[in-house]
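Colleague: My structure is stored as query_14.cif, with mmCIF, C-alpha atoms and all ligand atoms.
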data_my_file
#
loop_
_atom_site.group_PDB
_atom_site.id
_atom_site.type_symbol
_atom_site.label_atom_id
_atom_site.label_comp_id
_atom_site.auth_asym_id
_atom_site.auth_seq_id
_atom_site.Cartn_x
_atom_site.Cartn_y
_atom_site.Cartn_z
ATOM 1 C CA MET A 1 -2.787 -21.801 -10.264
ATOM 2 C CA LYS A 2 -0.300 -20.982 -12.988
ATOM 3 C CA VAL A 3 2.978 -19.225 -12.196
ATOM 4 C CA ILE A 4 4.321 -16.829 -14.831
ATOM 5 C CA ASN A 5 7.843 -15.369 -14.727
ATOM 6 C CA ASN A 6 8.015 -13.836 -18.135
ATOM 7 C CA ILE A 7 6.591 -10.462 -19.221
ATOM 8 C CA ARG A 8 5.716 -11.514 -22.789
ATOM 9 C CA GLU A 9 3.966 -14.630 -21.505
ATOM 10 C CA MET A 10 1.957 -12.522 -19.032
ATOM 11 C CA GLN A 11 0.939 -10.159 -21.818
ATOM 12 C CA SER A 12 -0.185 -12.940 -24.110
ATOM 13 C CA PHE A 13 -2.290 -14.534 -21.350
ATOM 14 C CA ALA A 14 -3.839 -11.128 -20.610
ATOM 15 C CA GLU A 15 -4.534 -10.590 -24.299
ATOM 16 C CA SER A 16 -6.243 -13.961 -24.658
ATOM 17 C CA PHE A 17 -8.460 -13.380 -21.575
ATOM 18 C CA ARG A 18 -9.523 -10.032 -22.970
ATOM 19 C CA LYS A 19 -10.223 -11.527 -26.415
ATOM 20 C CA SER A 20 -12.471 -14.153 -24.890
ATOM 21 C CA GLY A 21 -14.404 -11.473 -22.970
ATOM 22 C CA LYS A 22 -13.066 -12.367 -19.513
ATOM 23 C CA THR A 23 -12.533 -9.638 -16.922
ATOM 24 C CA ILE A 24 -9.149 -9.511 -15.211
ATOM 25 C CA GLY A 25 -8.773 -8.517 -11.536
ATOM 26 C CA PHE A 26 -5.229 -7.641 -10.470
ATOM 27 C CA VAL A 27 -3.567 -7.518 -7.040
ATOM 28 C CA PRO A 28 -0.009 -6.148 -7.093
ATOM 29 C CA THR A 29 2.089 -6.985 -3.994
ATOM 30 C CA MET A 30 5.645 -7.233 -2.712
ATOM 31 C CA GLY A 31 4.994 -10.664 -1.207
ATOM 32 C CA PHE A 32 5.404 -12.085 2.316
ATOM 33 C CA LEU A 33 1.660 -12.263 2.158
ATOM 34 C CA HIS A 34 -0.773 -11.836 5.040
ATOM 35 C CA GLU A 35 -4.546 -11.561 5.472
ATOM 36 C CA GLY A 36 -4.496 -7.962 4.169
ATOM 37 C CA HIS A 37 -3.196 -9.120 0.799
ATOM 38 C CA LEU A 38 -5.493 -12.153 0.779
ATOM 39 C CA SER A 39 -8.565 -9.972 1.393
ATOM 40 C CA LEU A 40 -7.752 -8.114 -1.843
ATOM 41 C CA MET A 41 -7.363 -11.391 -3.750
ATOM 42 C CA ARG A 42 -10.648 -12.807 -2.446
ATOM 43 C CA GLN A 43 -12.525 -9.653 -3.411
ATOM 44 C CA ALA A 44 -10.904 -9.697 -6.856
ATOM 45 C CA LYS A 45 -12.079 -13.296 -7.218
ATOM 46 C CA LYS A 46 -15.671 -12.288 -6.473
ATOM 47 C CA GLU A 47 -15.680 -9.467 -9.017
ATOM 48 C CA ASN A 48 -13.710 -10.866 -11.967
ATOM 49 C CA ASP A 49 -13.433 -13.941 -14.188
ATOM 50 C CA VAL A 50 -9.670 -14.198 -13.756
ATOM 51 C CA VAL A 51 -7.462 -13.064 -10.849
ATOM 52 C CA VAL A 52 -3.810 -12.195 -11.393
ATOM 53 C CA ALA A 53 -1.585 -11.423 -8.384
ATOM 54 C CA SER A 54 1.983 -10.226 -8.736
ATOM 55 C CA ILE A 55 4.886 -10.404 -6.316
ATOM 56 C CA PHE A 56 7.727 -8.040 -7.078
ATOM 57 C CA VAL A 57 9.929 -6.282 -4.537
ATOM 58 C CA ASN A 58 10.426 -3.140 -6.582
ATOM 59 C CA PRO A 59 13.912 -1.664 -6.105
ATOM 60 C CA THR A 60 12.986 1.763 -7.536
ATOM 61 C CA GLN A 61 10.576 2.542 -4.702
ATOM 62 C CA PHE A 62 13.184 2.025 -1.959
ATOM 63 C CA GLY A 63 15.562 4.793 -0.913
ATOM 64 C CA PRO A 64 19.291 4.029 -0.582
ATOM 65 C CA GLN A 65 19.064 3.807 3.239
ATOM 66 C CA GLU A 66 15.860 1.743 3.254
ATOM 67 C CA ASP A 67 15.132 -1.950 3.793
ATOM 68 C CA LEU A 68 15.284 -3.353 0.231
ATOM 69 C CA SER A 69 17.990 -5.908 1.034
ATOM 70 C CA ARG A 70 16.245 -7.244 4.139
ATOM 71 C CA TYR A 71 12.647 -7.059 2.860
ATOM 72 C CA PRO A 72 11.086 -10.391 3.945
ATOM 73 C CA ARG A 73 10.474 -13.081 1.331
ATOM 74 C CA ASP A 74 8.691 -16.436 1.341
ATOM 75 C CA GLU A 75 7.963 -17.530 -2.209
ATOM 76 C CA GLU A 76 6.808 -21.019 -1.323
ATOM 77 C CA GLY A 77 4.421 -19.853 1.417
ATOM 78 C CA ASP A 78 3.140 -17.061 -0.827
ATOM 79 C CA ARG A 79 2.345 -19.491 -3.647
ATOM 80 C CA ALA A 80 0.208 -21.602 -1.314
ATOM 81 C CA LYS A 81 -1.591 -18.539 0.053
ATOM 82 C CA CYS A 82 -2.340 -17.175 -3.416
ATOM 83 C CA ALA A 83 -3.717 -20.536 -4.534
ATOM 84 C CA SER A 84 -5.953 -20.736 -1.456
ATOM 85 C CA ALA A 85 -7.247 -17.170 -2.017
ATOM 86 C CA GLY A 86 -8.369 -18.023 -5.556
ATOM 87 C CA VAL A 87 -5.537 -16.504 -7.604
ATOM 88 C CA ASP A 88 -5.526 -17.994 -11.115
ATOM 89 C CA HIS A 89 -2.214 -16.562 -12.325
ATOM 90 C CA LEU A 90 0.696 -15.609 -10.100
ATOM 91 C CA PHE A 91 3.070 -13.244 -11.883
ATOM 92 C CA LEU A 92 6.641 -13.235 -10.523
ATOM 93 C CA PRO A 93 8.745 -11.053 -12.792
ATOM 94 C CA THR A 94 12.462 -10.794 -12.089
ATOM 95 C CA ALA A 95 14.181 -7.456 -11.464
ATOM 96 C CA ALA A 96 16.420 -8.153 -14.465
ATOM 97 C CA GLU A 97 13.392 -8.430 -16.735
ATOM 98 C CA MET A 98 11.554 -5.480 -15.201
ATOM 99 C CA TYR A 99 14.580 -3.217 -15.441
ATOM 100 C CA PRO A 100 16.928 -4.646 -18.104
ATOM 101 C CA GLU A 101 18.864 -1.384 -18.062
ATOM 102 C CA PRO A 102 19.092 1.403 -15.481
ATOM 103 C CA PRO A 103 15.589 2.928 -15.511
ATOM 104 C CA SER A 104 15.280 6.160 -17.488
ATOM 105 C CA VAL A 105 11.511 6.271 -17.931
ATOM 106 C CA PHE A 106 9.418 7.246 -14.916
ATOM 107 C CA VAL A 107 5.842 8.132 -14.062
ATOM 108 C CA SER A 108 5.713 11.006 -11.620
ATOM 109 C CA ILE A 109 2.680 12.536 -10.024
ATOM 110 C CA GLU A 110 2.991 16.045 -8.651
ATOM 111 C CA GLY A 111 1.462 17.773 -5.636
ATOM 112 C CA ILE A 112 0.004 14.869 -3.741
ATOM 113 C CA THR A 113 3.445 13.223 -3.570
ATOM 114 C CA ASP A 114 5.171 16.207 -1.894
ATOM 115 C CA VAL A 115 3.728 15.575 1.553
ATOM 116 C CA LEU A 116 3.752 12.843 4.238
ATOM 117 C CA GLU A 117 5.368 9.658 2.836
ATOM 118 C CA GLY A 118 6.511 11.566 -0.243
ATOM 119 C CA ALA A 119 8.318 14.173 1.866
ATOM 120 C CA ILE A 120 10.089 11.563 3.978
ATOM 121 C CA ARG A 121 10.756 9.057 1.194
ATOM 122 C CA PRO A 122 11.819 11.123 -1.849
ATOM 123 C CA GLY A 123 11.352 9.172 -5.066
ATOM 124 C CA HIS A 124 9.178 6.528 -3.395
ATOM 125 C CA PHE A 125 5.959 7.360 -5.224
ATOM 126 C CA ARG A 126 7.769 7.809 -8.509
ATOM 127 C CA GLY A 127 8.995 4.233 -8.099
ATOM 128 C CA VAL A 128 5.521 3.010 -7.158
ATOM 129 C CA ALA A 129 3.756 4.829 -10.015
ATOM 130 C CA THR A 130 6.309 3.595 -12.523
ATOM 131 C CA VAL A 131 6.158 -0.044 -11.485
ATOM 132 C CA VAL A 132 2.358 -0.065 -11.213
ATOM 133 C CA THR A 133 2.085 1.407 -14.717
ATOM 134 C CA LYS A 134 4.499 -1.215 -16.040
ATOM 135 C CA LEU A 135 2.510 -3.964 -14.294
ATOM 136 C CA PHE A 136 -0.755 -2.602 -15.736
ATOM 137 C CA ASN A 137 0.841 -2.804 -19.191
ATOM 138 C CA MET A 138 1.727 -6.446 -18.548
ATOM 139 C CA VAL A 139 -1.419 -7.691 -16.791
ATOM 140 C CA LYS A 140 -3.930 -5.460 -18.647
ATOM 141 C CA PRO A 141 -6.419 -5.576 -15.768
ATOM 142 C CA HIS A 142 -9.993 -4.315 -15.810
ATOM 143 C CA ARG A 143 -9.856 -3.783 -12.050
ATOM 144 C CA ALA A 144 -6.887 -3.351 -9.690
ATOM 145 C CA TYR A 145 -7.113 -3.812 -5.923
ATOM 146 C CA PHE A 146 -5.219 -1.826 -3.294
ATOM 147 C CA GLY A 147 -5.374 -1.594 0.520
ATOM 148 C CA GLN A 148 -6.358 1.517 2.457
ATOM 149 C CA LYS A 149 -3.385 0.712 4.724
ATOM 150 C CA ASP A 150 -1.294 2.632 2.186
ATOM 151 C CA PHE A 151 -3.688 5.568 2.006
ATOM 152 C CA GLN A 152 -1.461 8.022 0.180
ATOM 153 C CA GLN A 153 -0.416 5.325 -2.294
ATOM 154 C CA CYS A 154 -4.089 4.731 -3.136
ATOM 155 C CA ALA A 155 -4.594 8.458 -3.725
ATOM 156 C CA VAL A 156 -1.495 8.564 -5.943
ATOM 157 C CA ILE A 157 -2.623 5.543 -7.981
ATOM 158 C CA ARG A 158 -6.118 6.964 -8.422
ATOM 159 C CA ARG A 159 -4.682 10.234 -9.625
ATOM 160 C CA MET A 160 -2.298 8.426 -11.947
ATOM 161 C CA THR A 161 -4.993 6.353 -13.644
ATOM 162 C CA ARG A 162 -7.130 9.457 -14.121
ATOM 163 C CA GLY A 163 -4.268 11.660 -15.271
ATOM 164 C CA LEU A 164 -2.944 9.114 -17.765
ATOM 165 C CA ASP A 165 -6.379 7.777 -18.796
ATOM 166 C CA GLN A 166 -5.317 4.278 -17.791
ATOM 167 C CA ASP A 167 -8.303 2.068 -18.526
ATOM 168 C CA VAL A 168 -8.466 0.326 -15.158
ATOM 169 C CA GLU A 169 -10.836 0.670 -12.229
ATOM 170 C CA VAL A 170 -8.988 1.261 -8.945
ATOM 171 C CA ILE A 171 -10.630 -0.446 -5.981
ATOM 172 C CA VAL A 172 -9.522 0.321 -2.422
ATOM 173 C CA LEU A 173 -10.383 -2.104 0.369
ATOM 174 C CA PRO A 174 -10.281 -1.627 4.170
ATOM 175 C CA THR A 175 -7.182 -2.214 6.272
ATOM 176 C CA VAL A 176 -7.047 -5.677 7.824
ATOM 177 C CA ARG A 177 -5.855 -5.547 11.437
ATOM 178 C CA GLU A 178 -4.537 -7.848 14.140
ATOM 179 C CA ALA A 179 -6.676 -8.371 17.246
ATOM 180 C CA ASP A 180 -4.979 -5.445 19.069
ATOM 181 C CA GLY A 181 -5.563 -3.098 16.122
ATOM 182 C CA LEU A 182 -2.089 -3.228 14.552
ATOM 183 C CA ALA A 183 -2.462 -2.989 10.774
ATOM 184 C CA MET A 184 -1.128 -6.131 9.136
ATOM 185 C CA SER A 185 2.102 -5.503 7.261
ATOM 186 C CA SER A 186 4.939 -7.600 5.897
ATOM 187 C CA ARG A 187 7.244 -5.263 7.837
ATOM 188 C CA ASN A 188 5.668 -6.325 11.161
ATOM 189 C CA SER A 189 7.960 -9.371 10.884
ATOM 190 C CA TYR A 190 10.880 -7.059 11.767
ATOM 191 C CA LEU A 191 9.401 -6.392 15.227
ATOM 192 C CA ASP A 192 10.632 -8.352 18.260
ATOM 193 C CA ALA A 193 8.030 -9.438 20.829
ATOM 194 C CA ASN A 194 8.369 -6.301 22.911
ATOM 195 C CA GLU A 195 8.184 -3.951 19.912
ATOM 196 C CA ARG A 196 5.233 -5.912 18.573
ATOM 197 C CA ARG A 197 3.327 -5.236 21.784
ATOM 198 C CA ARG A 198 4.163 -1.511 21.682
ATOM 199 C CA ALA A 199 3.239 -1.215 17.984
ATOM 200 C CA ALA A 200 -0.465 -1.358 18.841
ATOM 201 C CA VAL A 201 -0.135 2.253 20.007
ATOM 202 C CA LEU A 202 -0.494 3.489 16.408
ATOM 203 C CA PHE A 203 -4.087 2.323 16.261
ATOM 204 C CA ARG A 204 -4.779 3.632 19.768
ATOM 205 C CA ALA A 205 -3.469 7.046 18.709
ATOM 206 C CA LEU A 206 -5.664 7.081 15.594
ATOM 207 C CA LYS A 207 -8.712 6.121 17.673
ATOM 208 C CA ALA A 208 -7.888 8.825 20.238
ATOM 209 C CA GLY A 209 -7.753 11.384 17.411
ATOM 210 C CA GLU A 210 -11.032 10.138 15.982
ATOM 211 C CA GLU A 211 -12.663 10.321 19.382
ATOM 212 C CA LEU A 212 -11.765 14.003 19.755
ATOM 213 C CA ILE A 213 -13.257 14.792 16.354
ATOM 214 C CA ARG A 214 -16.423 12.871 17.174
ATOM 215 C CA ALA A 215 -16.636 14.776 20.468
ATOM 216 C CA GLY A 216 -16.783 18.013 18.477
ATOM 217 C CA VAL A 217 -13.185 19.247 18.494
ATOM 218 C CA ARG A 218 -12.699 21.411 15.400
ATOM 219 C CA GLU A 219 -9.078 22.426 15.898
ATOM 220 C CA PRO A 220 -6.723 20.138 13.903
ATOM 221 C CA GLU A 221 -3.753 21.034 16.105
ATOM 222 C CA GLN A 222 -5.536 19.591 19.134
ATOM 223 C CA VAL A 223 -6.062 16.320 17.272
ATOM 224 C CA ARG A 224 -2.426 16.178 16.122
ATOM 225 C CA GLN A 225 -1.311 16.854 19.688
ATOM 226 C CA LYS A 226 -3.541 14.092 21.074
ATOM 227 C CA MET A 227 -2.184 11.565 18.576
ATOM 228 C CA ARG A 228 1.416 12.549 19.390
ATOM 229 C CA GLU A 229 0.812 12.331 23.142
ATOM 230 C CA THR A 230 -0.761 8.903 22.752
ATOM 231 C CA LEU A 231 2.124 7.648 20.580
ATOM 232 C CA LEU A 232 4.659 8.849 23.139
ATOM 233 C CA THR A 233 3.042 6.807 25.920
ATOM 234 C CA GLU A 234 5.120 3.918 24.526
ATOM 235 C CA GLN A 235 8.896 3.946 24.778
ATOM 236 C CA GLY A 236 11.117 4.062 21.732
ATOM 237 C CA ILE A 237 8.560 5.558 19.350
ATOM 238 C CA GLU A 238 10.001 8.191 17.022
ATOM 239 C CA ILE A 239 7.301 10.087 15.180
ATOM 240 C CA ASP A 240 7.768 10.915 11.496
ATOM 241 C CA TYR A 241 4.317 12.505 11.354
ATOM 242 C CA ALA A 242 0.897 12.432 13.028
ATOM 243 C CA GLU A 243 -1.252 14.414 10.644
ATOM 244 C CA VAL A 244 -4.845 15.463 10.043
ATOM 245 C CA ALA A 245 -5.345 15.811 6.304
ATOM 246 C CA ASP A 246 -7.763 16.196 3.438
ATOM 247 C CA PRO A 247 -8.333 12.649 2.032
ATOM 248 C CA ASP A 248 -8.220 13.875 -1.591
ATOM 249 C CA THR A 249 -5.232 16.223 -1.560
ATOM 250 C CA LEU A 250 -3.425 14.842 1.540
ATOM 251 C CA ARG A 251 -2.739 18.462 2.543
ATOM 252 C CA PRO A 252 -2.853 19.247 6.297
ATOM 253 C CA LEU A 253 -6.251 20.583 7.311
ATOM 254 C CA GLU A 254 -6.609 23.993 8.872
ATOM 255 C CA ALA A 255 -10.186 23.439 9.988
ATOM 256 C CA LEU A 256 -12.058 20.219 10.621
ATOM 257 C CA SER A 257 -15.122 19.597 8.513
ATOM 258 C CA GLY A 258 -16.254 17.023 5.981
ATOM 259 C CA ARG A 259 -14.062 14.035 5.261
ATOM 260 C CA ILE A 260 -10.871 13.809 7.285
ATOM 261 C CA VAL A 261 -8.023 11.318 7.275
ATOM 262 C CA LEU A 262 -5.694 10.800 10.210
ATOM 263 C CA LEU A 263 -2.279 9.513 9.190
ATOM 264 C CA ILE A 264 0.624 8.315 11.315
ATOM 265 C CA ALA A 265 4.167 7.192 10.533
ATOM 266 C CA VAL A 266 6.645 6.204 13.247
ATOM 267 C CA ARG A 267 9.896 4.407 13.689
ATOM 268 C CA LEU A 268 10.084 1.716 16.330
ATOM 269 C CA GLY A 269 13.593 0.314 16.642
ATOM 270 C CA THR A 270 14.681 -0.331 13.063
ATOM 271 C CA THR A 271 11.112 -0.719 11.764
ATOM 272 C CA ARG A 272 9.066 1.977 10.096
ATOM 273 C CA LEU A 273 5.295 1.652 10.556
ATOM 274 C CA ILE A 274 2.427 3.585 8.945
ATOM 275 C CA ASP A 275 -1.308 3.574 9.550
ATOM 276 C CA ASN A 276 -4.333 5.773 8.953
ATOM 277 C CA LEU A 277 -8.006 6.192 9.765
ATOM 278 C CA LEU A 278 -10.732 7.867 7.716
ATOM 279 C CA VAL A 279 -13.168 9.927 9.760
ATOM 280 C CA LEU A 280 -16.308 10.520 7.739
HETATM 281 P P1 LIG B 301 2.645 -4.570 -0.197
HETATM 282 O O1 LIG B 301 2.956 -6.014 -0.436
HETATM 283 O O2 LIG B 301 2.950 -4.112 1.185
HETATM 284 O O3 LIG B 301 3.199 -3.669 -1.281
HETATM 285 O O4 LIG B 301 1.066 -4.432 -0.315
HETATM 286 C C1 LIG B 301 0.368 -4.871 -1.451
HETATM 287 C C2 LIG B 301 -1.057 -4.397 -1.367
HETATM 288 O O5 LIG B 301 -1.663 -4.916 -0.182
HETATM 289 C C3 LIG B 301 -1.156 -2.868 -1.277
HETATM 290 O O6 LIG B 301 -2.282 -2.434 -2.023
HETATM 291 C C4 LIG B 301 -1.377 -2.655 0.203
HETATM 292 O O7 LIG B 301 -2.049 -1.451 0.505
HETATM 293 C C5 LIG B 301 -2.222 -3.864 0.562
HETATM 294 N N1 LIG B 301 -2.144 -4.110 2.009
HETATM 295 C C6 LIG B 301 -1.026 -4.189 2.769
HETATM 296 N N2 LIG B 301 -1.352 -4.367 4.071
HETATM 297 C C7 LIG B 301 -2.701 -4.393 4.129
HETATM 298 C C8 LIG B 301 -3.655 -4.533 5.186
HETATM 299 N N3 LIG B 301 -3.287 -4.686 6.453
HETATM 300 N N4 LIG B 301 -4.974 -4.507 4.871
HETATM 301 C C9 LIG B 301 -5.374 -4.359 3.588
HETATM 302 N N5 LIG B 301 -4.531 -4.219 2.549
HETATM 303 C C10 LIG B 301 -3.212 -4.237 2.802
#
Take the structure in this file and express it as structure tokens.
Ligand code: AMP
Modeller:
Amino acid sequence: MKVINNIREMQSFAESFRKSGKTIGFVPTMGFLHEGHLSLMRQAKKENDVVVASIFVNPTQFGPQEDLSRYPRDEEGDRAKCASAGVDHLFLPTAAEMYPEPPSVFVSIEGITDVLEGAIRPGHFRGVATVVTKLFNMVKPHRAYFGQKDFQQCAVIRRMTRGLDQDVEVIVLPTVREADGLAMSSRNSYLDANERRRAAVLFRALKAGEELIRAGVREPEQVRQKMRETLLTEQGIEIDYAEVADPDTLRPLEALSGRIVLLIAVRLGTTRLIDNLLVL
């Protein structure tokens, strides 16, 4: 596996792969890798000639009060994991190279970014869309892989590639979970043992919501209420939202029919956790 730090070098590798007819699969990450990330890399390996993964903790997607400075890092461990998952090129750009001057060019997507994560984290999706576009311009992928864990992010990226005619296929893969249902996340490392045990309630709440829908409940408010009640069975959970939404627009649903996504965000101690479940 080759490690690349430099943007120009990344672009010239990408150019040469494309010239020789090789397909490029790309997995953008913020590092501190776990099985969720590795599942994306392994799938990219199956579907492409060359796999590029990037690790970049992107400052422009963090709010001023958020966890940028304490975001977990493990470059050495991450390198080994990428190599074992079949990554051919690991791209590790520096913040200084990504943003040589205070950023003044942004990609912003309207509508879908006003709700849920976008409402609670203003500017977050603008930071994500901007950095992903920049990374696409560096890695020049044919296919890019994202996790359903970040459901709204996937919807934003899909919309972005369509809206800007970015010539890349967006592939979304299922959320990888721990044995008790907790969605894997780099941020789970913030949890102490007691919080870690309580964190499994997010998945229980999603399943409780799903169960109501499968039992024929057609009133979204009942499903929201059930998810909230379930979340509050654990101490110290502060709910940002427990929502029943349209998977395409992310707008809250007023009646339940067709495809539905349940989305939860909570704070547990100093850790913010999100999860979601598609009900088809
Ligand atoms: P992050 O490093 O958290 O920015 O995540 C990088 C990519 O991995 C994003 O596309 C995430 O949605 C995806 N990802 C994170 N956690 C999981 C998970 N538990 N299962 C599947 N994909 C994940």
Colleague: Any chance you could resolve the PyMOL selection byres (((not hetatm)) within 10 of (chain B and resi 301)) against this file and give the residues as a ChimeraX atom specification?
Modeller: /A:27-41,53-58,128,144-154,157,171-178,182-187,275
Colleague: Let's have the selection written as a short mmCIF file (atom, residue, chain, number, x, y, z; two decimals), in the coordinates of the input, with C-alpha atoms.
Modeller:
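Output saved as part-v8.cif:
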data_model
loop_
_atom_site.label_atom_id
_atom_site.label_comp_id
_atom_site.auth_asym_id
_atom_site.auth_seq_id
_atom_site.Cartn_x
_atom_site.Cartn_y
_atom_site.Cartn_z
CA VAL A 27 -3.57 -7.52 -7.04
CA PRO A 28 -0.01 -6.15 -7.09
CA THR A 29 2.09 -6.98 -3.99
CA MET A 30 5.64 -7.23 -2.71
CA GLY A 31 4.99 -10.66 -1.21
CA PHE A 32 5.40 -12.08 2.32
CA LEU A 33 1.66 -12.26 2.16
CA HIS A 34 -0.77 -11.84 5.04
CA GLU A 35 -4.55 -11.56 5.47
CA GLY A 36 -4.50 -7.96 4.17
CA HIS A 37 -3.20 -9.12 0.80
CA LEU A 38 -5.49 -12.15 0.78
CA SER A 39 -8.56 -9.97 1.39
CA LEU A 40 -7.75 -8.11 -1.84
CA MET A 41 -7.36 -11.39 -3.75
CA ALA A 53 -1.58 -11.42 -8.38
CA SER A 54 1.98 -10.23 -8.74
CA ILE A 55 4.89 -10.40 -6.32
CA PHE A 56 7.73 -8.04 -7.08
CA VAL A 57 9.93 -6.28 -4.54
CA ASN A 58 10.43 -3.14 -6.58
CA VAL A 128 5.52 3.01 -7.16
CA ALA A 144 -6.89 -3.35 -9.69
CA TYR A 145 -7.11 -3.81 -5.92
CA PHE A 146 -5.22 -1.83 -3.29
CA GLY A 147 -5.37 -1.59 0.52
CA GLN A 148 -6.36 1.52 2.46
CA LYS A 149 -3.38 0.71 4.72
CA ASP A 150 -1.29 2.63 2.19
CA PHE A 151 -3.69 5.57 2.01
CA GLN A 152 -1.46 8.02 0.18
CA GLN A 153 -0.42 5.32 -2.29
CA CYS A 154 -4.09 4.73 -3.14
CA ILE A 157 -2.62 5.54 -7.98
CA ILE A 171 -10.63 -0.45 -5.98
CA VAL A 172 -9.52 0.32 -2.42
CA LEU A 173 -10.38 -2.10 0.37
CA PRO A 174 -10.28 -1.63 4.17
CA THR A 175 -7.18 -2.21 6.27
CA VAL A 176 -7.05 -5.68 7.82
CA ARG A 177 -5.86 -5.55 11.44
CA GLU A 178 -4.54 -7.85 14.14
CA LEU A 182 -2.09 -3.23 14.55
CA ALA A 183 -2.46 -2.99 10.77
CA MET A 184 -1.13 -6.13 9.14
CA SER A 185 2.10 -5.50 7.26
CA SER A 186 4.94 -7.60 5.90
CA ARG A 187 7.24 -5.26 7.84
CA ASP A 275 -1.31 3.57 9.55
#
Colleague: Contacts of Asp192 (chain A) at 12 Å or less, counting all atoms listed in the file, minus same-chain residues fewer than 6 places along, as a list in words?
Modeller: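 Counting only the stated atoms, we get Arg198, Ala199, Leu268, Gly269, Thr270 and Thr271 of chain A.
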Colleague: When you draw a straight line from CA of Arg251 (chain A) to CA of Met227 (chain A), how long is it in Å?
Modeller: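 It comes out at 17.5 Å.
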Colleague: Suppose you want the space between CA of Thr249 (chain A) and CA of Gly118 (chain A); what is it in Å?
Modeller: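 According to the coordinates, CA of Thr249 (chain A) and CA of Gly118 (chain A) are separated by 12.7 Å.
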Colleague: When distances are computed from all atoms listed in the file, which of A:Ala155, A:Val132, A:Ile237, A:Ala255 shows the smallest separation from Val168 (chain A)?
Modeller: A:Val132
Colleague: At a cut-off of 8 Å, using all atoms listed in the file, what residues contact Met10 (chain A)? Leave out same-chain residues fewer than 4 positions from it and give the result as a list in words.
Modeller: Ile4, Asn5, Asn6, Ala14, Phe91, Met138 and Val139 of chain A
Colleague: So what do you get for CA of Val156 (chain A) versus CA of Arg224 (chain A), distance-wise?
Modeller: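 One can read the CA of Val156 (chain A) to CA of Arg224 (chain A) distance as 23.4 Å.
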Colleague: Skipping near chain neighbours, those fewer than 2 positions away, what residues fall within 12 Å of Val3 (chain A) using all atoms listed in the file, listed as a VMD selection string?
Modeller: chain A and resid 1 5 to 7 9 to 10 13 52 to 55 75 to 76 78 to 80 82 to 83 87 to 93
Colleague: In terms of the shortest atom-to-atom distance over all atoms listed in the file, which of A:Tyr99, A:Phe17, A:Phe106, A:Tyr190 is closest to Phe125 (chain A)?
Modeller: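 Ranking A:Tyr99, A:Phe17, A:Phe106, A:Tyr190 by distance to Phe125 (chain A), first place goes to A:Phe106.
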Colleague: Once the PyMOL selection byres (((chain A and resi 261) around 12) and not hetatm) is applied to the coordinates I shared, what remains selected? I want it as a ChimeraX atom specification.
Modeller: /A:148-149,151-152,155,206-207,209-210,213,220,223-224,242-253,256-260,262-264,275-280
Colleague: Write a file of the selected residues as a short mmCIF file (atom, residue, chain, number, x, y, z; two decimals), in the frame of the given file, keeping C-alpha atoms.
Modeller:
data_model
loop_
_atom_site.label_atom_id
_atom_site.label_comp_id
_atom_site.auth_asym_id
_atom_site.auth_seq_id
_atom_site.Cartn_x
_atom_site.Cartn_y
_atom_site.Cartn_z
CA GLN A 148 -6.36 1.52 2.46
CA LYS A 149 -3.38 0.71 4.72
CA PHE A 151 -3.69 5.57 2.01
CA GLN A 152 -1.46 8.02 0.18
CA ALA A 155 -4.59 8.46 -3.72
CA LEU A 206 -5.66 7.08 15.59
CA LYS A 207 -8.71 6.12 17.67
CA GLY A 209 -7.75 11.38 17.41
CA GLU A 210 -11.03 10.14 15.98
CA ILE A 213 -13.26 14.79 16.35
CA PRO A 220 -6.72 20.14 13.90
CA VAL A 223 -6.06 16.32 17.27
CA ARG A 224 -2.43 16.18 16.12
CA ALA A 242 0.90 12.43 13.03
CA GLU A 243 -1.25 14.41 10.64
CA VAL A 244 -4.84 15.46 10.04
CA ALA A 245 -5.34 15.81 6.30
CA ASP A 246 -7.76 16.20 3.44
CA PRO A 247 -8.33 12.65 2.03
CA ASP A 248 -8.22 13.88 -1.59
CA THR A 249 -5.23 16.22 -1.56
CA LEU A 250 -3.42 14.84 1.54
CA ARG A 251 -2.74 18.46 2.54
CA PRO A 252 -2.85 19.25 6.30
CA LEU A 253 -6.25 20.58 7.31
CA LEU A 256 -12.06 20.22 10.62
CA SER A 257 -15.12 19.60 8.51
CA GLY A 258 -16.25 17.02 5.98
CA ARG A 259 -14.06 14.04 5.26
CA ILE A 260 -10.87 13.81 7.28
CA LEU A 262 -5.69 10.80 10.21
CA LEU A 263 -2.28 9.51 9.19
CA ILE A 264 0.62 8.32 11.32
CA ASP A 275 -1.31 3.57 9.55
CA ASN A 276 -4.33 5.77 8.95
CA LEU A 277 -8.01 6.19 9.76
CA LEU A 278 -10.73 7.87 7.72
CA VAL A 279 -13.17 9.93 9.76
CA LEU A 280 -16.31 10.52 7.74
#
Colleague: Which of these, A:Glu254, A:Val217, A:Leu135, A:Arg272, has the shortest distance to Leu202 (chain A) once you count only C-alpha atoms?
Modeller: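 Closest residue, counting only C-alpha atoms: A:Arg272.
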Colleague: Leaving out Pro64 (chain A) and any residue of its chain fewer than 4 positions from it, which residues lie within 12 Å of it when counting all atoms listed in the file, given as a PDB file with C-alpha atoms, keeping the file's coordinate frame?
Modeller:
ATOM      1  CA  PRO A  59      13.912  -1.664  -6.105  1.00  0.00           C
ATOM      2  CA  THR A  60      12.986   1.763  -7.536  1.00  0.00           C
ATOM      3  CA  LEU A  68      15.284  -3.353   0.231  1.00  0.00           C
ATOM      4  CA  SER A  69      17.990  -5.908   1.034  1.00  0.00           C
ATOM      5  CA  ARG A 121      10.756   9.057   1.194  1.00  0.00           C
ATOM      6  CA  PRO A 122      11.819  11.123  -1.849  1.00  0.00           C
ATOM      7  CA  GLY A 123      11.352   9.172  -5.066  1.00  0.00           C
ATOM      8  CA  HIS A 124       9.178   6.528  -3.395  1.00  0.00           C
TER       9      HIS A 124
END
